[in-house]
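A.B. asks: Pasting work.cif here (mmCIF, C-alpha atoms and all ligand atoms):
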```cif
data_model
#
loop_
_atom_site.group_PDB
_atom_site.id
_atom_site.type_symbol
_atom_site.label_atom_id
_atom_site.label_comp_id
_atom_site.auth_asym_id
_atom_site.auth_seq_id
_atom_site.Cartn_x
_atom_site.Cartn_y
_atom_site.Cartn_z
ATOM 1 C CA MET A 1 136.275 28.489 133.224
ATOM 2 C CA SER A 2 139.221 27.950 130.995
ATOM 3 C CA CYS A 3 141.571 30.688 129.936
ATOM 4 C CA ALA A 4 143.990 30.490 127.094
ATOM 5 C CA ARG A 5 144.723 33.870 125.576
ATOM 6 C CA LEU A 6 147.126 32.354 123.092
ATOM 7 C CA ALA A 7 148.667 34.237 120.225
ATOM 8 C CA VAL A 8 146.916 33.738 116.909
ATOM 9 C CA SER A 9 150.020 32.107 115.458
ATOM 10 C CA ALA A 10 150.080 29.635 118.329
ATOM 11 C CA ILE A 11 146.422 28.790 117.693
ATOM 12 C CA ALA A 12 147.195 28.166 114.038
ATOM 13 C CA ALA A 13 150.187 26.017 114.970
ATOM 14 C CA LEU A 14 148.090 24.013 117.409
ATOM 15 C CA ALA A 15 145.433 23.494 114.749
ATOM 16 C CA VAL A 16 148.082 22.103 112.417
ATOM 17 C CA ILE A 17 149.430 19.807 115.109
ATOM 18 C CA ALA A 18 145.917 18.638 115.953
ATOM 19 C CA ALA A 19 145.318 17.798 112.321
ATOM 20 C CA ILE A 20 148.376 15.565 112.276
ATOM 21 C CA ALA A 21 147.928 13.763 115.572
ATOM 22 C CA ALA A 22 145.461 13.745 118.426
ATOM 23 C CA PRO A 23 146.756 16.219 121.050
ATOM 24 C CA ALA A 24 148.239 14.635 124.148
ATOM 25 C CA PRO A 25 147.095 15.887 127.570
ATOM 26 C CA PRO A 26 149.511 18.447 129.031
ATOM 27 C CA ALA A 27 152.444 16.660 130.618
ATOM 28 C CA ARG A 28 153.365 17.517 134.196
ATOM 29 C CA ALA A 29 156.955 17.648 135.275
ATOM 30 C CA ALA A 30 157.775 15.393 138.201
ATOM 31 C CA PRO A 31 157.776 17.599 141.321
ATOM 32 C CA THR A 32 160.372 17.066 144.007
ATOM 33 C CA GLN A 33 158.352 18.757 146.736
ATOM 34 C CA LEU A 34 155.256 20.834 147.371
ATOM 35 C CA THR A 35 155.611 24.113 149.220
ATOM 36 C CA ARG A 36 152.684 25.862 150.869
ATOM 37 C CA LYS A 37 152.456 29.407 152.119
ATOM 38 C CA THR A 38 149.737 31.800 153.232
ATOM 39 C CA LEU A 39 150.047 35.258 151.688
ATOM 40 C CA PRO A 40 148.034 38.081 153.236
ATOM 41 C CA VAL A 41 146.716 40.466 150.584
ATOM 42 C CA ASN A 42 144.613 43.601 150.858
ATOM 43 C CA GLY A 43 141.203 42.309 151.948
ATOM 44 C CA GLY A 44 141.962 38.581 151.839
ATOM 45 C CA THR A 45 144.468 35.769 151.921
ATOM 46 C CA ILE A 46 146.011 33.575 149.257
ATOM 47 C CA GLU A 47 146.834 29.973 150.115
ATOM 48 C CA LEU A 48 149.688 29.383 147.703
ATOM 49 C CA SER A 49 150.905 25.885 146.885
ATOM 50 C CA VAL A 50 153.748 25.371 144.447
ATOM 51 C CA GLU A 51 155.203 22.220 142.963
ATOM 52 C CA GLN A 52 158.958 22.557 143.160
ATOM 53 C CA VAL A 53 161.185 20.882 140.604
ATOM 54 C CA SER A 54 164.914 20.638 141.221
ATOM 55 C CA GLY A 55 167.022 22.679 138.831
ATOM 56 C CA ALA A 56 164.176 25.000 137.750
ATOM 57 C CA PRO A 57 165.427 28.596 137.240
ATOM 58 C CA SER A 58 162.468 30.137 139.094
ATOM 59 C CA SER A 59 162.888 29.862 142.870
ATOM 60 C CA PRO A 60 160.005 29.644 145.360
ATOM 61 C CA ALA A 61 160.699 33.302 146.189
ATOM 62 C CA ASP A 62 160.384 34.242 142.495
ATOM 63 C CA ILE A 63 157.036 32.475 142.264
ATOM 64 C CA GLU A 64 155.777 34.043 145.485
ATOM 65 C CA ARG A 65 156.761 37.506 144.215
ATOM 66 C CA TRP A 66 154.908 36.809 140.961
ATOM 67 C CA VAL A 67 151.695 35.923 142.808
ATOM 68 C CA ARG A 68 152.030 38.914 145.162
ATOM 69 C CA ARG A 69 152.477 41.351 142.254
ATOM 70 C CA ALA A 70 149.342 40.056 140.549
ATOM 71 C CA ALA A 71 147.386 40.208 143.821
ATOM 72 C CA ILE A 72 148.452 43.833 144.386
ATOM 73 C CA ALA A 73 147.262 44.859 140.902
ATOM 74 C CA VAL A 74 143.928 43.049 141.289
ATOM 75 C CA ALA A 75 143.263 44.373 144.797
ATOM 76 C CA ALA A 76 143.855 47.914 143.503
ATOM 77 C CA LEU A 77 141.401 47.334 140.658
ATOM 78 C CA TYR A 78 138.578 46.136 142.889
ATOM 79 C CA GLY A 79 139.375 48.344 145.887
ATOM 80 C CA GLY A 80 140.316 45.199 147.824
ATOM 81 C CA PHE A 81 141.020 41.582 146.987
ATOM 82 C CA PRO A 82 137.840 40.171 145.375
ATOM 83 C CA MET A 83 137.535 37.034 147.513
ATOM 84 C CA ARG A 84 138.362 36.630 151.177
ATOM 85 C CA ARG A 85 140.196 33.336 150.700
ATOM 86 C CA VAL A 86 141.728 32.188 147.438
ATOM 87 C CA ARG A 87 143.810 29.129 146.663
ATOM 88 C CA VAL A 88 146.506 29.460 144.013
ATOM 89 C CA MET A 89 148.026 26.192 142.843
ATOM 90 C CA VAL A 90 151.128 26.328 140.653
ATOM 91 C CA TRP A 91 151.676 23.114 138.752
ATOM 92 C CA ARG A 92 154.898 22.547 136.874
ATOM 93 C CA THR A 93 154.898 21.461 133.238
ATOM 94 C CA PRO A 94 157.753 20.973 130.760
ATOM 95 C CA GLY A 95 158.908 23.970 128.750
ATOM 96 C CA ARG A 96 158.320 27.706 129.317
ATOM 97 C CA GLY A 97 154.569 28.181 129.022
ATOM 98 C CA ILE A 98 152.234 29.821 131.570
ATOM 99 C CA HIS A 99 148.567 28.784 131.371
ATOM 100 C CA GLY A 100 145.879 29.460 133.932
ATOM 101 C CA THR A 101 142.335 28.594 134.888
ATOM 102 C CA ALA A 102 140.092 30.286 137.465
ATOM 103 C CA PHE A 103 137.341 28.377 139.250
ATOM 104 C CA GLY A 104 134.264 29.643 141.063
ATOM 105 C CA SER A 105 135.386 27.937 144.250
ATOM 106 C CA GLY A 106 138.100 30.575 144.589
ATOM 107 C CA LEU A 107 140.804 28.399 143.079
ATOM 108 C CA VAL A 108 143.280 29.578 140.469
ATOM 109 C CA ARG A 109 145.396 26.847 138.951
ATOM 110 C CA VAL A 110 148.371 27.830 136.836
ATOM 111 C CA ARG A 111 150.596 25.503 134.869
ATOM 112 C CA LEU A 112 154.077 27.001 134.922
ATOM 113 C CA GLY A 113 156.765 25.631 132.628
ATOM 114 C CA VAL A 114 159.794 24.501 134.622
ATOM 115 C CA GLU A 115 162.157 26.329 132.248
ATOM 116 C CA THR A 116 160.392 29.697 132.650
ATOM 117 C CA PRO A 117 163.025 32.286 133.647
ATOM 118 C CA PRO A 118 162.272 34.541 136.650
ATOM 119 C CA GLY A 119 162.241 37.643 134.412
ATOM 120 C CA ARG A 120 159.313 36.208 132.489
ATOM 121 C CA LEU A 121 157.322 36.009 135.708
ATOM 122 C CA ASP A 122 157.879 39.713 136.366
ATOM 123 C CA SER A 123 156.246 40.631 133.030
ATOM 124 C CA ASP A 124 153.588 37.912 133.084
ATOM 125 C CA TRP A 125 149.895 38.728 132.571
ATOM 126 C CA VAL A 126 148.349 35.304 133.174
ATOM 127 C CA MET A 127 148.216 35.400 136.988
ATOM 128 C CA THR A 128 146.610 38.867 136.973
ATOM 129 C CA HIS A 129 144.095 37.804 134.301
ATOM 130 C CA GLU A 130 142.996 34.793 136.343
ATOM 131 C CA LEU A 131 142.689 36.669 139.638
ATOM 132 C CA ILE A 132 140.524 39.332 137.962
ATOM 133 C CA HIS A 133 138.037 36.570 137.044
ATOM 134 C CA LEU A 134 137.408 35.952 140.747
ATOM 135 C CA GLY A 135 135.742 39.364 141.153
ATOM 136 C CA PHE A 136 133.088 38.920 138.474
ATOM 137 C CA PRO A 137 130.115 36.522 138.368
ATOM 138 C CA ASP A 138 129.883 33.372 136.313
ATOM 139 C CA LEU A 139 127.607 33.962 133.296
ATOM 140 C CA ASP A 140 125.795 31.728 130.823
ATOM 141 C CA GLU A 141 128.125 30.185 128.242
ATOM 142 C CA ARG A 142 127.042 32.491 125.398
ATOM 143 C CA HIS A 143 128.151 35.516 127.448
ATOM 144 C CA ILE A 144 131.633 34.148 128.232
ATOM 145 C CA TRP A 145 133.067 37.015 126.138
ATOM 146 C CA MET A 146 131.985 39.433 128.852
ATOM 147 C CA GLU A 147 134.024 37.558 131.492
ATOM 148 C CA GLU A 148 137.064 37.008 129.276
ATOM 149 C CA GLY A 149 136.827 40.522 127.871
ATOM 150 C CA LEU A 150 136.803 41.966 131.368
ATOM 151 C CA SER A 151 140.013 40.160 132.310
ATOM 152 C CA THR A 152 141.600 40.949 128.926
ATOM 153 C CA TYR A 153 140.783 44.667 129.115
ATOM 154 C CA PHE A 154 141.561 45.290 132.771
ATOM 155 C CA GLU A 155 144.640 43.073 133.211
ATOM 156 C CA PRO A 156 147.167 45.479 131.608
ATOM 157 C CA ILE A 157 145.325 48.514 133.024
ATOM 158 C CA ALA A 158 145.405 47.095 136.546
ATOM 159 C CA ARG A 159 149.127 46.422 136.244
ATOM 160 C CA ALA A 160 149.815 49.886 134.776
ATOM 161 C CA ARG A 161 147.992 51.573 137.661
ATOM 162 C CA VAL A 162 150.402 50.042 140.157
ATOM 163 C CA GLY A 163 153.469 50.682 138.013
ATOM 164 C CA GLN A 164 154.064 47.129 136.823
ATOM 165 C CA VAL A 165 153.848 47.885 133.097
ATOM 166 C CA PRO A 166 154.443 51.159 131.176
ATOM 167 C CA VAL A 167 151.240 53.058 130.351
ATOM 168 C CA GLU A 168 152.264 53.659 126.740
ATOM 169 C CA GLN A 169 152.833 49.938 126.210
ATOM 170 C CA VAL A 170 149.326 49.184 127.476
ATOM 171 C CA TRP A 171 147.683 51.463 124.916
ATOM 172 C CA ARG A 172 149.891 50.415 122.004
ATOM 173 C CA GLU A 173 149.292 46.725 122.603
ATOM 174 C CA MET A 174 145.562 47.214 123.196
ATOM 175 C CA PHE A 175 144.988 48.868 119.820
ATOM 176 C CA ARG A 176 147.357 46.377 118.164
ATOM 177 C CA ASP A 177 145.220 43.468 119.418
ATOM 178 C CA LEU A 178 141.651 44.874 119.402
ATOM 179 C CA PRO A 179 141.086 44.305 115.649
ATOM 180 C CA GLN A 180 140.935 40.577 116.458
ATOM 181 C CA GLY A 181 137.656 41.286 118.248
ATOM 182 C CA LEU A 182 135.895 42.810 115.252
ATOM 183 C CA GLN A 183 133.150 40.879 113.522
ATOM 184 C CA ARG A 184 133.877 38.861 110.388
ATOM 185 C CA ALA A 185 131.595 37.965 107.502
ATOM 186 C CA GLY A 186 128.665 35.946 108.811
ATOM 187 C CA ASP A 187 129.127 36.913 112.467
ATOM 188 C CA ALA A 188 125.971 37.978 114.316
ATOM 189 C CA GLY A 189 127.099 39.652 117.542
ATOM 190 C CA LEU A 190 129.240 38.564 120.485
ATOM 191 C CA ASP A 191 126.592 36.275 121.991
ATOM 192 C CA ARG A 192 126.610 34.296 118.750
ATOM 193 C CA THR A 193 130.337 34.379 117.880
ATOM 194 C CA PRO A 194 132.100 31.767 120.039
ATOM 195 C CA THR A 195 135.535 32.304 118.471
ATOM 196 C CA TRP A 196 138.764 33.076 120.266
ATOM 197 C CA GLY A 197 138.967 36.599 118.783
ATOM 198 C CA ALA A 198 135.391 37.561 119.665
ATOM 199 C CA THR A 199 135.620 36.017 123.129
ATOM 200 C CA TYR A 200 138.816 37.720 124.292
ATOM 201 C CA TRP A 201 139.159 40.840 122.134
ATOM 202 C CA GLY A 202 135.517 41.379 121.227
ATOM 203 C CA GLY A 203 134.871 41.238 124.966
ATOM 204 C CA ALA A 204 137.757 43.623 125.657
ATOM 205 C CA LEU A 205 136.320 46.014 123.076
ATOM 206 C CA PHE A 206 132.976 45.946 124.908
ATOM 207 C CA TRP A 207 134.671 46.996 128.161
ATOM 208 C CA LEU A 208 136.848 49.660 126.520
ATOM 209 C CA LEU A 209 133.825 51.213 124.816
ATOM 210 C CA ALA A 210 131.878 50.980 128.066
ATOM 211 C CA ASP A 211 134.653 52.657 130.030
ATOM 212 C CA VAL A 212 135.056 55.491 127.514
ATOM 213 C CA GLN A 213 131.307 56.083 127.123
ATOM 214 C CA ILE A 214 130.629 56.099 130.872
ATOM 215 C CA ARG A 215 133.435 58.611 131.355
ATOM 216 C CA GLU A 216 132.222 60.778 128.458
ATOM 217 C CA ARG A 217 128.649 60.869 129.754
ATOM 218 C CA THR A 218 129.593 61.596 133.362
ATOM 219 C CA GLY A 219 132.303 64.164 132.781
ATOM 220 C CA ASN A 220 134.899 61.524 133.747
ATOM 221 C CA ARG A 221 133.407 61.193 137.245
ATOM 222 C CA ARG A 222 132.211 57.600 136.758
ATOM 223 C CA SER A 223 133.856 54.699 134.946
ATOM 224 C CA ALA A 224 133.723 50.966 134.309
ATOM 225 C CA ASP A 225 135.528 50.631 137.670
ATOM 226 C CA ASP A 226 132.359 51.807 139.416
ATOM 227 C CA ALA A 227 130.301 49.181 137.589
ATOM 228 C CA LEU A 228 132.791 46.426 138.492
ATOM 229 C CA ARG A 229 132.973 47.364 142.141
ATOM 230 C CA ALA A 230 129.180 47.628 142.429
ATOM 231 C CA ILE A 231 128.706 44.191 140.871
ATOM 232 C CA LEU A 232 131.222 42.710 143.307
ATOM 233 C CA ALA A 233 129.694 44.582 146.256
ATOM 234 C CA ALA A 234 126.313 43.069 145.322
ATOM 235 C CA GLY A 235 127.830 39.606 145.754
ATOM 236 C CA GLY A 236 128.734 39.041 142.107
ATOM 237 C CA ASP A 237 132.013 37.170 142.452
ATOM 238 C CA GLN A 238 133.030 34.092 140.471
ATOM 239 C CA SER A 239 131.297 31.744 142.924
ATOM 240 C CA ARG A 240 127.893 33.145 141.875
ATOM 241 C CA HIS A 241 125.982 32.660 138.648
ATOM 242 C CA TRP A 242 124.223 35.786 137.450
ATOM 243 C CA PRO A 243 121.897 36.393 134.522
ATOM 244 C CA ILE A 244 123.295 38.986 132.142
ATOM 245 C CA GLU A 245 120.398 41.338 132.897
ATOM 246 C CA GLN A 246 121.543 41.572 136.517
ATOM 247 C CA VAL A 247 125.112 42.462 135.498
ATOM 248 C CA LEU A 248 123.877 45.197 133.172
ATOM 249 C CA ALA A 249 121.370 46.591 135.684
ATOM 250 C CA VAL A 250 123.716 46.684 138.684
ATOM 251 C CA GLY A 251 126.571 48.090 136.595
ATOM 252 C CA ASP A 252 124.452 50.777 134.973
ATOM 253 C CA ARG A 253 122.874 51.803 138.271
ATOM 254 C CA ALA A 254 126.351 52.379 139.706
ATOM 255 C CA THR A 255 127.266 54.816 136.952
ATOM 256 C CA GLY A 256 123.847 56.451 136.566
ATOM 257 C CA THR A 257 123.861 55.624 132.855
ATOM 258 C CA ASP A 258 122.482 52.970 130.492
ATOM 259 C CA VAL A 259 125.849 52.417 128.789
ATOM 260 C CA LEU A 260 126.205 48.699 129.559
ATOM 261 C CA ALA A 261 122.678 47.837 128.438
ATOM 262 C CA GLY A 262 123.042 49.905 125.270
ATOM 263 C CA LEU A 263 126.400 48.404 124.359
ATOM 264 C CA TYR A 264 125.093 44.927 125.059
ATOM 265 C CA ARG A 265 122.281 45.440 122.547
ATOM 266 C CA ARG A 266 124.704 46.904 120.011
ATOM 267 C CA LEU A 267 127.589 44.416 120.292
ATOM 268 C CA ALA A 268 126.066 41.177 121.556
ATOM 269 C CA LEU A 269 122.824 40.714 119.659
ATOM 270 C CA ARG A 270 123.780 41.580 116.104
ATOM 271 C CA ARG A 271 126.756 42.104 113.848
ATOM 272 C CA PHE A 272 128.499 45.365 114.721
ATOM 273 C CA GLU A 273 131.145 47.681 113.350
ATOM 274 C CA VAL A 274 133.483 49.854 115.394
ATOM 275 C CA ASP A 275 135.849 52.480 113.991
ATOM 276 C CA LEU A 276 138.956 51.499 115.926
ATOM 277 C CA ARG A 277 141.198 53.947 114.065
ATOM 278 C CA GLY A 278 138.835 56.787 114.938
ATOM 279 C CA LEU A 279 138.677 55.696 118.566
ATOM 280 C CA ALA A 280 142.473 55.444 118.785
ATOM 281 C CA ALA A 281 142.772 58.946 117.316
ATOM 282 C CA ARG A 282 140.243 60.414 119.757
ATOM 283 C CA LEU A 283 142.153 58.803 122.654
ATOM 284 C CA GLY A 284 145.505 59.960 121.241
ATOM 285 C CA VAL A 285 147.026 56.541 120.583
ATOM 286 C CA THR A 286 147.804 56.886 116.855
ATOM 287 C CA GLY A 287 151.045 58.860 116.616
ATOM 288 C CA ALA A 288 154.622 58.102 117.580
ATOM 289 C CA ARG A 289 153.852 59.297 121.130
ATOM 290 C CA LEU A 290 150.638 59.309 123.132
ATOM 291 C CA ASP A 291 148.912 62.592 122.196
ATOM 292 C CA ASP A 292 147.717 64.659 125.137
ATOM 293 C CA ARG A 293 145.968 67.120 122.786
ATOM 294 C CA ALA A 294 143.567 64.441 121.506
ATOM 295 C CA PRO A 295 139.884 65.056 122.362
ATOM 296 C CA LEU A 296 139.684 62.147 124.817
ATOM 297 C CA ALA A 297 143.261 62.332 126.140
ATOM 298 C CA ALA A 298 142.056 63.156 129.660
ATOM 299 C CA ILE A 299 139.881 60.042 129.668
ATOM 300 C CA ARG A 300 142.780 57.926 128.407
ATOM 301 C CA ARG A 301 145.033 59.248 131.159
ATOM 302 C CA SER A 302 142.371 58.617 133.790
ATOM 303 C CA ILE A 303 141.933 54.983 132.765
ATOM 304 C CA THR A 304 145.559 54.138 133.485
ATOM 305 C CA ALA A 305 146.122 56.674 136.283
ATOM 306 C CA PRO A 306 147.108 55.274 139.706
ATOM 307 C CA GLU A 307 143.795 56.253 141.272
ATOM 308 C CA PRO A 308 140.905 55.267 139.026
ATOM 309 C CA GLY A 309 138.850 58.159 137.727
ATOM 310 C CA ARG A 310 141.509 60.759 138.425
ATOM 311 C CA ALA A 311 143.943 62.011 135.833
ATOM 312 C CA ARG A 312 147.525 62.082 136.834
HETATM 313 ZN ZN ZN B 1 140.249 34.173 131.305
#
```
Translate this file's structure into structure tokens.
Ligand SMILES: [Zn+2]

C.D. replies:
Amino acid sequence: MSCARLAVSAIAALAVIAAIAAPAPPARAAPTQLTRKTLPVNGGTIELSVEQVSGAPSSPADIERWVRRAAIAVAALYGGFPMRRVRVMVWRTPGRGIHGTAFGSGLVRVRLGVETPPGRLDSDWVMTHELIHLGFPDLDERHIWMEEGLSTYFEPIARARVGQVPVEQVWREMFRDLPQGLQRAGDAGLDRTPTWGATYWGGALFWLLADVQIRERTGNRRSADDALRAILAAGGDQSRHWPIEQVLAVGDRATGTDVLAGLYRRLALRRFEVDLRGLAARLGVTGARLDDRAPLAAIRRSITAPEPGRAR
């Protein structure tokens, strides 16, 4: 699976470049040495290998801290690291970019620009996004939005729960970016809209709506976390290929609802509309400050609270 949650402007720029000249394969900076280290994480181990390049501002310790932070956030999300043994390979490329790919074999490969400053690693989302993929099954290509949406939705939430990103920032940025997941003229549901916006943000919208609806229907006692953990507990990690029906059935059984199946029919099989402004208002994300008097404020607080399902 390939992951590239690029900014829209970057996509447009790339399209322009591609129109002028055939894109070259990503260049790799010449490494001076390869360092290997085994990192124990909650419920598993990470075999970390890093290409070192002399003069790069990010030290091996900076890179190790970056991987550890992401692993802590992901282990907290799943109630333990999602695979017993994971290999993380950090390749060095020119520039400052960070691009990752997760594989079903339990490998995460990240291309890290040699000029990336250490501070950028501390606020990075890519490593967390890729590690989240490991705890969810591989699906048929037309459902890739469900995998990418899961990582897109839960990455900032997972980091907020362990104090790595401010809660308010998570909600502001989520509702800033979600409109990119709405359907455009001619679209016919997420299964039939293989665009960047539908894949990443349409998928994230599915998981946000699922999380909110599960919590509404269960008095905030169950959540999308329960669905995720049940799917993983049933063996549904990235090394396994599951039909979508199995994901929906196992997830819904865990919450005692039919929210996932209902949302799948509504968002995946036909063109849909979602009132994002109304949803933001109900969650209390519209004003200058997060609004704790909003009807669904308790649900919003629970989603980003340190212990899932419990308001702070
Ligand atoms: Zn991804």

A.B. asks: Taking the file as shown, what set of residues would the PyMOL selection byres (((chain A and resi 244-249) around 10) and not hetatm) give back, as JSON, numbers by chain?

C.D. replies: {"A": [136, 137, 138, 139, 140, 143, 146, 227, 228, 230, 231, 232, 234, 236, 241, 242, 243, 250, 251, 252, 253, 254, 257, 258, 259, 260, 261, 262, 263, 264]}

A.B. asks: Let's have the selection written as a PDB file, keeping the file's coordinate frame, with C-alpha atoms.

C.D. replies:
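The result, written out as selection-v1.pdb:
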```pdb
ATOM      1  CA  PHE A 136     133.088  38.920 138.474  1.00  0.00           C
ATOM      2  CA  PRO A 137     130.115  36.522 138.368  1.00  0.00           C
ATOM      3  CA  ASP A 138     129.883  33.372 136.313  1.00  0.00           C
ATOM      4  CA  LEU A 139     127.607  33.962 133.296  1.00  0.00           C
ATOM      5  CA  ASP A 140     125.795  31.728 130.823  1.00  0.00           C
ATOM      6  CA  HIS A 143     128.151  35.516 127.448  1.00  0.00           C
ATOM      7  CA  MET A 146     131.985  39.433 128.852  1.00  0.00           C
ATOM      8  CA  ALA A 227     130.301  49.181 137.589  1.00  0.00           C
ATOM      9  CA  LEU A 228     132.791  46.426 138.492  1.00  0.00           C
ATOM     10  CA  ALA A 230     129.180  47.628 142.429  1.00  0.00           C
ATOM     11  CA  ILE A 231     128.706  44.191 140.871  1.00  0.00           C
ATOM     12  CA  LEU A 232     131.222  42.710 143.307  1.00  0.00           C
ATOM     13  CA  ALA A 234     126.313  43.069 145.322  1.00  0.00           C
ATOM     14  CA  GLY A 236     128.734  39.041 142.107  1.00  0.00           C
ATOM     15  CA  HIS A 241     125.982  32.660 138.648  1.00  0.00           C
ATOM     16  CA  TRP A 242     124.223  35.786 137.450  1.00  0.00           C
ATOM     17  CA  PRO A 243     121.897  36.393 134.522  1.00  0.00           C
ATOM     18  CA  VAL A 250     123.716  46.684 138.684  1.00  0.00           C
ATOM     19  CA  GLY A 251     126.571  48.090 136.595  1.00  0.00           C
ATOM     20  CA  ASP A 252     124.452  50.777 134.973  1.00  0.00           C
ATOM     21  CA  ARG A 253     122.874  51.803 138.271  1.00  0.00           C
ATOM     22  CA  ALA A 254     126.351  52.379 139.706  1.00  0.00           C
ATOM     23  CA  THR A 257     123.861  55.624 132.855  1.00  0.00           C
ATOM     24  CA  ASP A 258     122.482  52.970 130.492  1.00  0.00           C
ATOM     25  CA  VAL A 259     125.849  52.417 128.789  1.00  0.00           C
ATOM     26  CA  LEU A 260     126.205  48.699 129.559  1.00  0.00           C
ATOM     27  CA  ALA A 261     122.678  47.837 128.438  1.00  0.00           C
ATOM     28  CA  GLY A 262     123.042  49.905 125.270  1.00  0.00           C
ATOM     29  CA  LEU A 263     126.400  48.404 124.359  1.00  0.00           C
ATOM     30  CA  TYR A 264     125.093  44.927 125.059  1.00  0.00           C
TER      31      TYR A 264
END
```

A.B. asks: Could you give me, as a JSON list (two decimals) with C-alpha atoms, in the coordinates of the input, the residues within 8 Å of Gly284 of chain A, counting only C-alpha atoms and dropping anything in the same chain fewer than 2 positions from it?

C.D. replies:
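Result file around-v5.json:
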```
[["chain", "number", "residue", "atom", "x", "y", "z"],
["A", 280, "ALA", "CA", 142.47, 55.44, 118.78],
["A", 281, "ALA", "CA", 142.77, 58.95, 117.32],
["A", 282, "ARG", "CA", 140.24, 60.41, 119.76],
["A", 286, "THR", "CA", 147.80, 56.89, 116.86],
["A", 287, "GLY", "CA", 151.04, 58.86, 116.62],
["A", 290, "LEU", "CA", 150.64, 59.31, 123.13],
["A", 291, "ASP", "CA", 148.91, 62.59, 122.20],
["A", 292, "ASP", "CA", 147.72, 64.66, 125.14],
["A", 293, "ARG", "CA", 145.97, 67.12, 122.79],
["A", 294, "ALA", "CA", 143.57, 64.44, 121.51],
["A", 295, "PRO", "CA", 139.88, 65.06, 122.36],
["A", 296, "LEU", "CA", 139.68, 62.15, 124.82],
["A", 297, "ALA", "CA", 143.26, 62.33, 126.14],
["A", 300, "ARG", "CA", 142.78, 57.93, 128.41]]
```

A.B. asks: Choose the residue, out of A:Thr45, A:Ser239, A:Gln180, A:Thr218, that has the smallest atom-to-atom separation from Leu276 of chain A; count all atoms listed in the file.

C.D. replies: A:Gln180

A.B. asks: Rank nothing, just name the residue among A:Ile303, A:Ala76, A:Val41, A:Ile46 nearest to Val162 of chain A, using all atoms listed in the file.

C.D. replies: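 That would be A:Ala76, the residue with the smallest distance to Val162 of chain A.
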
A.B. asks: From the options A:Ala268, A:Ile132, A:Val126, A:Val170, which residue's atoms come nearest to Leu182 of chain A, counting only C-alpha atoms?

C.D. replies: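 Among the listed residues, the smallest separation from Leu182 of chain A belongs to A:Ala268.
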
A.B. asks: Give me the result of the PyMOL selection byres (((chain A and resi 163) around 12) and not hetatm) on this file, residue by residue, as JSON, numbers by chain.

C.D. replies: {"A": [69, 70, 72, 73, 76, 122, 123, 156, 157, 158, 159, 160, 161, 162, 164, 165, 166, 167, 168, 169, 170, 304, 305, 306, 307]}

A.B. asks: To verify the selection step, state as JSON, numbers by chain which residues the PyMOL selection byres (((chain A and resi 80) around 6) and not hetatm) yields on this input.

C.D. replies: {"A": [42, 43, 75, 78, 79, 81]}

A.B. asks: Only C-alpha atoms, as a PDB file, in the first residue's frame: that is what I want for segment 150-172 of chain A.

C.D. replies:
```
ATOM      1  CA  LEU A 150      -8.678   5.032   9.205  1.00  0.00           C
ATOM      2  CA  SER A 151      -5.057   6.183   9.340  1.00  0.00           C
ATOM      3  CA  THR A 152      -6.024   9.757   8.402  1.00  0.00           C
ATOM      4  CA  TYR A 153      -8.732  10.004  11.073  1.00  0.00           C
ATOM      5  CA  PHE A 154      -6.954   8.256  13.925  1.00  0.00           C
ATOM      6  CA  GLU A 155      -3.394   9.546  13.417  1.00  0.00           C
ATOM      7  CA  PRO A 156      -3.927  12.994  15.022  1.00  0.00           C
ATOM      8  CA  ILE A 157      -6.336  11.530  17.603  1.00  0.00           C
ATOM      9  CA  ALA A 158      -3.833   8.866  18.635  1.00  0.00           C
ATOM     10  CA  ARG A 159      -1.127  11.496  19.039  1.00  0.00           C
ATOM     11  CA  ALA A 160      -3.443  13.838  20.982  1.00  0.00           C
ATOM     12  CA  ARG A 161      -4.359  11.061  23.420  1.00  0.00           C
ATOM     13  CA  VAL A 162      -0.727  10.682  24.445  1.00  0.00           C
ATOM     14  CA  GLY A 163      -0.078  14.421  24.559  1.00  0.00           C
ATOM     15  CA  GLN A 164       1.934  14.731  21.356  1.00  0.00           C
ATOM     16  CA  VAL A 165      -0.347  17.269  19.665  1.00  0.00           C
ATOM     17  CA  PRO A 166      -2.814  19.802  21.171  1.00  0.00           C
ATOM     18  CA  VAL A 167      -6.434  18.601  21.176  1.00  0.00           C
ATOM     19  CA  GLU A 168      -7.757  21.887  19.799  1.00  0.00           C
ATOM     20  CA  GLN A 169      -5.364  21.695  16.852  1.00  0.00           C
ATOM     21  CA  VAL A 170      -6.629  18.209  16.005  1.00  0.00           C
ATOM     22  CA  TRP A 171     -10.242  19.356  15.731  1.00  0.00           C
ATOM     23  CA  ARG A 172      -9.474  22.581  13.870  1.00  0.00           C
TER      24      ARG A 172
END
```
